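> So here's run-v9.cif (mmCIF, C-alpha atoms).
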data_my_file
#
loop_
_atom_site.label_atom_id
_atom_site.label_comp_id
_atom_site.auth_asym_id
_atom_site.auth_seq_id
_atom_site.Cartn_x
_atom_site.Cartn_y
_atom_site.Cartn_z
CA MET A 1006 -0.11 3.22 -16.36
CA THR A 1007 3.13 4.26 -17.98
CA GLU A 1008 3.86 7.75 -19.18
CA ILE A 1009 2.87 8.93 -22.63
CA ALA A 1010 5.53 10.82 -24.54
CA THR A 1011 5.53 12.11 -28.09
CA ARG A 1012 8.59 13.88 -29.46
CA ALA A 1013 7.97 16.84 -31.75
CA ALA A 1014 10.56 15.55 -34.23
CA THR A 1015 8.67 12.29 -34.75
CA ALA A 1016 5.03 13.37 -34.33
CA GLU A 1017 2.85 12.65 -37.35
CA ALA A 1018 1.47 15.79 -39.01
CA ILE A 1019 -1.52 15.74 -41.35
CA GLN A 1020 -2.77 18.49 -43.62
CA ASP A 1021 -6.48 17.89 -43.29
CA ALA A 1022 -7.63 20.91 -45.31
CA PRO A 1023 -6.14 23.99 -46.96
CA GLY A 1024 -4.50 26.11 -44.27
CA SER A 1025 -4.96 23.50 -41.54
CA LEU A 1026 -2.39 21.18 -40.00
CA ILE A 1027 -3.03 18.58 -37.29
CA THR A 1028 -0.12 17.11 -35.31
CA LEU A 1029 -0.95 13.83 -33.58
CA LEU A 1030 0.24 13.49 -29.97
CA THR A 1031 -1.48 10.59 -28.20
CA ASP A 1032 -4.38 8.26 -28.90
CA THR A 1033 -5.26 5.92 -26.03
CA ALA A 1034 -8.53 4.64 -24.61
CA GLU A 1035 -8.33 7.35 -21.95
CA LEU A 1036 -7.10 10.33 -23.94
CA THR A 1037 -6.67 11.55 -27.51
CA CYS A 1038 -4.64 14.75 -28.03
CA ASN A 1039 -3.37 16.74 -30.97
CA THR A 1040 -2.42 20.25 -31.90
CA ALA A 1041 -4.08 22.12 -34.72
CA THR A 1042 -2.82 25.18 -36.53
CA PHE A 1043 -5.00 27.26 -38.79
CA ASP A 1044 -3.98 29.89 -41.31
CA GLU A 1045 -6.11 33.00 -41.63
CA GLY A 1046 -9.33 32.07 -43.46
CA ALA A 1047 -9.01 28.29 -42.89
CA ALA A 1048 -12.38 26.53 -42.71
CA GLY A 1049 -11.74 24.74 -39.40
CA ALA A 1050 -14.09 21.99 -38.25
CA PRO A 1051 -17.74 21.93 -39.32
CA VAL A 1052 -20.60 21.68 -36.84
CA HIS A 1053 -20.57 18.30 -35.14
CA PHE A 1054 -21.01 16.56 -31.78
CA HIS A 1055 -19.68 13.50 -29.97
CA THR A 1056 -21.91 11.10 -28.03
CA LYS A 1057 -19.21 9.68 -25.75
CA ALA A 1058 -16.35 12.16 -25.45
CA THR A 1059 -15.74 15.58 -23.97
CA GLU A 1060 -13.63 17.63 -26.37
CA PHE A 1061 -11.45 20.40 -24.95
CA PHE A 1062 -9.52 23.25 -26.53
CA HIS A 1063 -6.63 25.35 -25.22
CA VAL A 1064 -5.65 28.19 -27.55
CA THR A 1065 -1.88 28.59 -27.57
CA ALA A 1066 -1.64 31.41 -30.14
CA GLY A 1067 -3.94 33.61 -32.20
CA ARG A 1068 -7.72 33.71 -31.89
CA LEU A 1069 -10.23 30.89 -32.31
CA ASP A 1070 -13.98 31.10 -32.84
CA ILE A 1071 -15.78 28.15 -31.33
CA LEU A 1072 -19.46 27.39 -31.56
CA VAL A 1073 -20.90 25.73 -28.44
CA ASP A 1074 -24.56 24.82 -28.89
CA ASP A 1075 -25.88 28.07 -30.40
CA GLU A 1076 -23.30 30.53 -29.04
CA ILE A 1077 -20.01 31.57 -30.62
CA HIS A 1078 -17.10 32.25 -28.25
CA THR A 1079 -13.90 33.91 -29.43
CA LEU A 1080 -10.91 32.57 -27.51
CA GLY A 1081 -7.44 34.08 -27.37
CA ALA A 1082 -4.06 32.70 -26.38
CA GLY A 1083 -4.29 31.03 -22.98
CA ASP A 1084 -8.08 30.52 -23.09
CA PHE A 1085 -9.62 27.08 -22.51
CA ILE A 1086 -13.05 25.58 -23.13
CA ALA A 1087 -14.47 22.05 -22.76
CA VAL A 1088 -17.50 20.80 -24.69
CA PRO A 1089 -19.40 17.89 -23.10
CA PRO A 1090 -20.83 14.94 -25.02
CA GLY A 1091 -23.97 15.65 -27.03
CA VAL A 1092 -23.31 19.38 -27.46
CA LYS A 1093 -22.87 20.56 -31.03
CA HIS A 1094 -19.77 22.60 -31.71
CA ALA A 1095 -17.48 23.86 -34.49
CA PHE A 1096 -14.27 25.85 -34.58
CA ALA A 1097 -12.14 27.95 -36.92
CA PRO A 1098 -9.71 30.84 -36.66
CA ALA A 1099 -11.43 34.14 -35.90
CA ALA A 1100 -11.79 36.53 -38.84
CA ASP A 1101 -8.43 38.04 -39.86
CA HIS A 1102 -6.53 35.76 -37.44
CA THR A 1103 -4.54 32.57 -37.35
CA ALA A 1104 -4.90 30.10 -34.49
CA ALA A 1105 -2.90 27.39 -32.77
CA VAL A 1106 -4.81 25.06 -30.48
CA PHE A 1107 -4.16 22.08 -28.21
CA VAL A 1108 -7.16 19.74 -28.64
CA GLY A 1109 -8.06 16.76 -26.50
CA PHE A 1110 -10.77 14.15 -26.06
CA THR A 1111 -11.62 12.14 -23.01
CA PRO A 1112 -12.17 9.30 -23.21
CA GLY A 1113 -9.99 8.70 -26.24
CA MET A 1114 -10.99 6.15 -28.87
CA GLY A 1115 -8.53 5.63 -31.68
CA ARG A 1116 -9.28 8.93 -33.44
CA PHE A 1117 -5.96 9.20 -35.27
CA ASP A 1118 -7.39 7.17 -38.15
CA TYR A 1119 -10.16 9.77 -38.45
CA TYR A 1120 -7.55 12.52 -38.88
CA ARG A 1121 -5.72 10.36 -41.42
CA LEU A 1122 -9.02 9.98 -43.31
CA LEU A 1123 -9.37 13.78 -43.38
CA GLY A 1124 -5.86 13.97 -44.80
CA ARG A 1125 -6.74 11.44 -47.51
CA VAL A 1126 -9.84 13.46 -48.44
CA ASN A 1127 -7.69 16.61 -48.66
CA ALA A 1128 -5.25 14.72 -50.91
CA GLY A 1129 -8.08 13.47 -53.16
CA GLU A 1130 -7.61 9.84 -52.06
CA ALA A 1131 -10.97 9.52 -50.23
CA THR A 1132 -14.34 11.27 -50.34
CA VAL A 1133 -16.54 13.32 -48.05
CA GLN A 1134 -18.93 10.36 -48.13
CA ASP A 1135 -16.16 8.26 -46.54
CA ILE A 1136 -16.10 10.78 -43.67
CA LYS A 1137 -19.89 10.63 -43.31
CA ASP A 1138 -19.78 6.83 -43.34
CA SER A 1139 -17.23 6.87 -40.48
CA SER A 1140 -19.43 8.83 -38.05
CA ALA A 1141 -20.27 5.91 -35.77
CA THR A 1142 -16.72 4.54 -35.84
CA TYR A 1143 -15.12 7.81 -34.69
CA ASP A 1144 -18.08 9.26 -32.70
CA ASN A 1145 -18.09 12.32 -34.94
CA HIS A 1146 -21.64 13.23 -35.92
CA TYR A 1147 -22.35 16.19 -38.18
CA ALA A 1148 -25.06 18.75 -37.41
CA GLU A 1149 -26.36 22.11 -38.65
CA SER A 1150 -26.21 25.56 -37.12
CA SER A 1151 -27.61 28.74 -38.62
CA VAL A 1152 -25.50 30.68 -36.10
CA TRP A 1153 -22.28 29.08 -37.39
CA SER A 1154 -23.21 29.20 -41.08
CA GLY A 1155 -23.91 32.94 -40.73
CA ARG A 1156 -20.61 33.56 -38.93
CA ARG A 1157 -18.34 33.99 -41.98
CA ARG A 1158 -20.85 36.11 -43.88
CA SER A 1159 -21.17 38.54 -40.98
CA ALA A 1160 -17.37 38.79 -40.64
CA GLU A 1161 -16.86 39.69 -44.31
CA PRO A 1162 -16.82 43.37 -45.37
#
Please go through the file and, once you have read it, give me the structure as structure tokens.


Amino acid sequence: MTEIATRAATAEAIQDAPGSLITLLTDTAELTCNTATFDEGAAGAPVHFHTKATEFFHVTAGRLDILVDDEIHTLGAGDFIAVPPGVKHAFAPAADHTAAVFVGFTPGMGRFDYYRLLGRVNAGEATVQDIKDSSATYDNHYAESSVWSGRRRSAEP
């Protein structure tokens, strides 16, 4: 295997939602990695799970709330968590915080087109139904969580 290198100056960045920016780093069969930055109040990722991949998160700045099954963890800079296949999860910046996160999947599977689809939805060039229709292609399956849906309400004054 040869090395994988992505230069910051040439990395593709996608605004996938208001206050959220994803920078694409690598997308191979073994590993998919990106960084994600979230402004205060950004929605983050809804509840979902993957059937084939472990997804891992390393917070590099700020604070990140992450749902794992039915428990919410608040991670700070330097914290790490890995979510195995089949476990529902979601993530967003903690209340009153921004967050910067290194995100990875193993194995990888050509997920960059999924992020590009999110960017097209944000730009009004695709629909949420397009995302739902891509679930099997990108191993991104949406789920529900009363714990996560109640999170924002309980954080508001």

> Applying 8 Å and only C-alpha atoms, which residues near stretch 1118-1123 of chain A remain after dropping the ones on its own chain fewer than 3 positions away? List them as number ranges by chain.

A: 1019, 1021-1022, 1027, 1115, 1126-1127, 1131, 1136, 1139, 1143

> Give me the residues within 8 Å of A:Glu1017 as a list in words, counting only C-alpha atoms and dropping any in the same chain fewer than 6 places off.

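Contacts, with the query itself left out: Thr1028, Leu1029 and Leu1030 of chain A.
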
> Evaluated on this file, the PyMOL selection byres ((chain A and resi 1077) around 12) picks out some residues - which ones are they, written as a count of residues only?

28

> Between atom CA of A:Ala1087 and atom CA of A:Thr1059, what is the distance, to one decimal in Å?

6.7 Å

> Specify as a PyMOL selection string each residue included when the PyMOL selection byres ((chain A and resi 1146) around 8) is applied to this file.

chain A and resi 1053-1055+1140-1141+1144-1145+1147-1148

> Please report the interatomic distance between atom CA of A:Glu1008 and atom CA of A:Thr1037 in Å with one decimal.

14.0 Å

> Which residue, A:Gly1091, A:Pro1112, A:Gly1067, A:Pro1051, has the smallest gap to A:Glu1035 when you use all atoms listed in the file?

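Answer, going by the shortest atom-to-atom distance: A:Pro1112.
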
> Between atom CA of A:Ala1066 and atom CA of A:Thr1042, measure the distance and give it in Å to one decimal.

9.0 Å

> Do you know which residues lie at most 9 Å from (-18.8, 18.3, -22.2), with coordinates as in the file and only C-alpha atoms counted, and could you write them as a PyMOL selection string?

chain A and resi 1058-1061+1087-1092

> Excluding A:Thr1031 and any residue of its chain fewer than 4 positions from it, enumerate the residues within 8 Å of it, using all atoms listed in the file, and give them as a compact mmCIF listing (two decimals) with C-alpha atoms, in the coordinates of the input.


# COMPACT_ATOMS: atom_id res chain seq x y z
CA ILE A 1009 2.87 8.93 -22.63
CA ALA A 1010 5.53 10.82 -24.54
CA THR A 1011 5.53 12.11 -28.09
CA LEU A 1036 -7.10 10.33 -23.94
CA THR A 1037 -6.67 11.55 -27.51
CA CYS A 1038 -4.64 14.75 -28.03
CA ASN A 1039 -3.37 16.74 -30.97

> My list of candidates is A:Arg1012, A:Lys1137, A:Ala1048, A:Asp1032. Which is closest to A:Ala1100 when distances are computed with all atoms listed in the file?

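Of A:Arg1012, A:Lys1137, A:Ala1048, A:Asp1032, the one nearest A:Ala1100 is A:Ala1048, counting all atoms listed in the file.
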
> Hey, could you pull the box centre and edge lengths for stretch 1150-1156 of chain A, axis-aligned, 5 Å padding per side, all listed atoms, to one decimal in Å, as AutoDock Vina command-line options?


--center_x -24.1 --center_y 29.6 --center_z -38.6 --size_x 17.0 --size_y 18.0 --size_z 15.0

> Between A:Ala1104, A:Val1064, A:Ala1016, A:Ala1082, single out the one closest to A:Asp1044, counting all atoms listed in the file.

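That would be A:Ala1104, the residue with the smallest distance to A:Asp1044.
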
> Give me stretch 1054-1065 of chain A with all heavy atoms filled in, as a short mmCIF file (atom, residue, chain, number, x, y, z; two decimals), in the coordinates of the input.


data_model
loop_
_atom_site.label_atom_id
_atom_site.label_comp_id
_atom_site.auth_asym_id
_atom_site.auth_seq_id
_atom_site.Cartn_x
_atom_site.Cartn_y
_atom_site.Cartn_z
N PHE A 1054 -20.95 16.87 -33.21
CA PHE A 1054 -21.01 16.56 -31.78
C PHE A 1054 -20.47 15.15 -31.59
O PHE A 1054 -20.33 14.37 -32.55
CB PHE A 1054 -22.43 16.70 -31.23
CG PHE A 1054 -23.43 15.74 -31.82
CD1 PHE A 1054 -23.69 14.52 -31.23
CD2 PHE A 1054 -24.11 16.06 -32.99
CE1 PHE A 1054 -24.59 13.62 -31.78
CE2 PHE A 1054 -25.01 15.19 -33.55
CZ PHE A 1054 -25.26 13.96 -32.94
N HIS A 1055 -20.16 14.83 -30.35
CA HIS A 1055 -19.68 13.50 -29.97
C HIS A 1055 -20.65 12.95 -28.93
O HIS A 1055 -21.12 13.70 -28.06
CB HIS A 1055 -18.27 13.58 -29.39
CG HIS A 1055 -17.34 14.40 -30.24
ND1 HIS A 1055 -16.87 13.96 -31.46
CD2 HIS A 1055 -16.85 15.64 -30.07
CE1 HIS A 1055 -16.11 14.90 -31.99
NE2 HIS A 1055 -16.09 15.94 -31.17
N THR A 1056 -20.97 11.69 -29.00
CA THR A 1056 -21.91 11.10 -28.03
C THR A 1056 -21.21 10.59 -26.78
O THR A 1056 -21.85 10.46 -25.74
CB THR A 1056 -22.72 9.95 -28.67
OG1 THR A 1056 -21.82 8.92 -29.08
CG2 THR A 1056 -23.54 10.44 -29.85
N LYS A 1057 -19.92 10.30 -26.87
CA LYS A 1057 -19.21 9.68 -25.75
C LYS A 1057 -18.11 10.53 -25.15
O LYS A 1057 -17.75 10.34 -24.00
CB LYS A 1057 -18.59 8.35 -26.21
CG LYS A 1057 -19.61 7.36 -26.72
CD LYS A 1057 -18.93 6.11 -27.25
CE LYS A 1057 -19.97 5.16 -27.78
NZ LYS A 1057 -19.98 5.09 -29.22
N ALA A 1058 -17.55 11.46 -25.90
CA ALA A 1058 -16.35 12.16 -25.45
C ALA A 1058 -16.59 13.64 -25.18
O ALA A 1058 -17.37 14.29 -25.86
CB ALA A 1058 -15.24 12.03 -26.49
N THR A 1059 -15.89 14.15 -24.17
CA THR A 1059 -15.74 15.58 -23.97
C THR A 1059 -14.56 16.01 -24.82
O THR A 1059 -13.51 15.36 -24.80
CB THR A 1059 -15.48 15.90 -22.48
OG1 THR A 1059 -16.63 15.55 -21.72
CG2 THR A 1059 -15.13 17.37 -22.28
N GLU A 1060 -14.73 17.09 -25.58
CA GLU A 1060 -13.63 17.63 -26.37
C GLU A 1060 -13.22 18.95 -25.75
O GLU A 1060 -14.07 19.77 -25.40
CB GLU A 1060 -14.05 17.84 -27.83
CG GLU A 1060 -12.90 18.27 -28.73
CD GLU A 1060 -13.28 18.30 -30.21
OE1 GLU A 1060 -14.47 18.12 -30.54
OE2 GLU A 1060 -12.36 18.50 -31.03
N PHE A 1061 -11.91 19.16 -25.57
CA PHE A 1061 -11.45 20.40 -24.95
C PHE A 1061 -10.41 21.08 -25.82
O PHE A 1061 -9.71 20.45 -26.60
CB PHE A 1061 -10.95 20.17 -23.53
CG PHE A 1061 -9.91 19.11 -23.37
CD1 PHE A 1061 -8.56 19.42 -23.47
CD2 PHE A 1061 -10.27 17.80 -23.11
CE1 PHE A 1061 -7.59 18.45 -23.30
CE2 PHE A 1061 -9.31 16.82 -22.94
CZ PHE A 1061 -7.96 17.14 -23.04
N PHE A 1062 -10.35 22.40 -25.68
CA PHE A 1062 -9.52 23.25 -26.53
C PHE A 1062 -8.76 24.24 -25.65
O PHE A 1062 -9.36 24.92 -24.82
CB PHE A 1062 -10.40 24.06 -27.49
CG PHE A 1062 -11.32 23.23 -28.34
CD1 PHE A 1062 -12.55 22.82 -27.85
CD2 PHE A 1062 -10.96 22.87 -29.62
CE1 PHE A 1062 -13.40 22.06 -28.62
CE2 PHE A 1062 -11.81 22.11 -30.41
CZ PHE A 1062 -13.04 21.70 -29.90
N HIS A 1063 -7.46 24.34 -25.87
CA HIS A 1063 -6.63 25.35 -25.22
C HIS A 1063 -5.92 26.10 -26.33
O HIS A 1063 -5.10 25.52 -27.05
CB HIS A 1063 -5.63 24.70 -24.26
CG HIS A 1063 -4.71 25.68 -23.63
ND1 HIS A 1063 -3.37 25.74 -23.93
CD2 HIS A 1063 -4.93 26.65 -22.73
CE1 HIS A 1063 -2.81 26.71 -23.23
NE2 HIS A 1063 -3.74 27.28 -22.50
N VAL A 1064 -6.25 27.37 -26.49
CA VAL A 1064 -5.65 28.19 -27.55
C VAL A 1064 -4.24 28.59 -27.11
O VAL A 1064 -4.07 29.17 -26.03
CB VAL A 1064 -6.51 29.43 -27.86
CG1 VAL A 1064 -5.86 30.29 -28.93
CG2 VAL A 1064 -7.91 29.00 -28.29
N THR A 1065 -3.26 28.26 -27.92
CA THR A 1065 -1.88 28.59 -27.57
C THR A 1065 -1.37 29.81 -28.31
O THR A 1065 -0.38 30.42 -27.89
CB THR A 1065 -0.95 27.38 -27.83
OG1 THR A 1065 -1.05 27.00 -29.21
CG2 THR A 1065 -1.34 26.20 -26.95
#
